[in-house]
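What follows is one structure encoded as C-alpha cells, with my remarks underneath.
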Amino acid sequence: MMVAMFEIGPGSDTAAVYRARFARRLPASLSELTGPEHGLVELPLHVAWSGLRILDLDRPRQRMSLYRTVLAEGMRDDLCRFLNRDVLLVLWPTMYPLIGRPVREVWEEAFPELRAARASV
C-alpha cells in the first residue's frame with residue numbers, strides 16, 4: 001500500500017488550499033466580529049466537533065480555546081457570532097504562535113490591525 005505524503009510548507013499546494021479555505025470564511029472587516037466578551041458560550045457541533053463545547057469567556061484558557069477553535073473550524077457566520085473584535089485584538093499576540101500558519105497568515109494579510117497588535121507587544 002502506498003501512502004501519499006503532503007508537504008504543508010508555505011509554498012506547497014496543500015498550504016495554498018488551506019489558505020484559500022480560510023480566506024473564503026473571512027468577514028469583510030473586524031467590526032463584523034460582534035460576539036460576546038463575557039459569559040458562557042455554546043459552540044455548535046460543526047465548530048466544536050471534538051471536546052468541550054460550552055466555554056466560559058471569563059476563564060482565560062477557555063476563552064483562548066474558543067478563539068482557536070472558531071478560527072480553525074468556524075464558517076463566516078460563526079466567526080461573526082462567536083468572536084469579538086476587541087477580544088481578538090487583545091488575544092492575537094498570545095494566540096499567534098498557537099494557531100496554524102495558514103490561519104494566522106490569512107488573518108494578518110486581511111486585517112493589518114492584527115499584525116499591529118502583535119507588533120505592539
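We name chains A, B, ... following the order of the C-alpha cells; residues begin at 1 in each chain, and ligands are numbered from 1 as shown.
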
Looking only at strand (DSSP E or B) from DSSP on the backbone, list the matching residues of chain A as an MDAnalysis selection string. chainID A and resid 34 40:42 54:56 84

If we count only C-alpha atoms and set the cut-off at 12 Å, which residues sit around Val87 of chain A, ignoring sequence neighbours fewer than 4 positions away in its own chain? Please answer as a VMD selection string. chain A and resid 30 to 31 33 to 38 57 to 58 60 63 to 64 66 to 67 82 to 83 91 to 95 114 117

Since we have the selection now, will you write its residues out, keeping C-alpha atoms, as a CSV table (one decimal), in the first residue's frame?
chain,number,residue,atom,x,y,z
A,30,LEU,CA,-13.1,43.0,12.1
A,31,SER,CA,-16.0,45.2,13.1
A,33,LEU,CA,-16.9,40.3,14.9
A,34,THR,CA,-19.7,41.1,17.4
A,35,GLY,CA,-19.6,38.0,19.6
A,36,PRO,CA,-19.8,38.2,23.4
A,37,GLU,CA,-17.0,39.4,25.6
A,38,HIS,CA,-18.1,37.6,28.8
A,57,LEU,CA,-15.2,33.5,28.3
A,58,ASP,CA,-14.3,34.8,31.7
A,60,PRO,CA,-8.7,32.8,30.1
A,63,ARG,CA,-11.6,32.0,26.1
A,64,MET,CA,-8.3,31.1,24.2
A,66,LEU,CA,-12.9,29.1,22.0
A,67,TYR,CA,-11.0,31.6,19.8
A,82,PHE,CA,-18.7,33.9,18.4
A,83,LEU,CA,-15.6,36.2,18.1
A,91,LEU,CA,-5.6,37.7,22.4
A,92,TRP,CA,-3.9,37.8,19.0
A,93,PRO,CA,-0.3,38.3,20.2
A,94,THR,CA,-0.6,35.3,22.6
A,95,MET,CA,-2.6,33.2,20.1
A,114,LEU,CA,-3.8,42.1,14.0
A,117,ALA,CA,-1.5,44.3,17.8

Name all residues at most 12 Å from Ala110 of chain A (count only C-alpha atoms; drop same-chain ones fewer than 6 positions away) and give them as a JSON list (two decimals) with C-alpha atoms, in the first residue's frame.
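Resulting contents of result_12.json:
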[["chain", "number", "residue", "atom", "x", "y", "z"],
["A", 19, "ARG", "CA", -5.10, 29.46, 2.82],
["A", 22, "PHE", "CA", -9.62, 30.20, 5.47],
["A", 23, "ALA", "CA", -9.71, 33.27, 3.22],
["A", 24, "ARG", "CA", -13.22, 32.39, 1.96],
["A", 25, "ARG", "CA", -14.50, 32.46, 5.53],
["A", 26, "LEU", "CA", -13.21, 35.90, 6.49],
["A", 27, "PRO", "CA", -15.59, 38.70, 7.40],
["A", 28, "ALA", "CA", -15.28, 41.91, 5.40],
["A", 29, "SER", "CA", -13.88, 43.71, 8.46],
["A", 30, "LEU", "CA", -13.06, 43.01, 12.08],
["A", 103, "VAL", "CA", -4.94, 30.83, 9.61],
["A", 104, "ARG", "CA", -2.60, 33.45, 11.01]]

Just the alpha helix (DSSP H) stuff from chain A, please, per backbone DSSP, written as a ChimeraX atom specification. /A:13-25,60-73,76-82,85-95,101-110,112-119

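Minimum distance to Trp107 of chain A across A:Arg59, A:Leu52, A:Arg76, A:Leu71 (counting only C-alpha atoms) occurs at A:Leu71.
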
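Computed from the coordinates, the atom CA of Ala116 of chain A to atom CA of Pro97 of chain A distance equals 15.2 Å.
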
The distance between atom CA of Leu79 of chain A and atom CA of Pro102 of chain A is 16.1 Å

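Considering only C-alpha atoms, the residue among A:Leu43, A:Ile54, A:Val106, A:Ala15 positioned nearest to Arg81 of chain A is A:Leu43.
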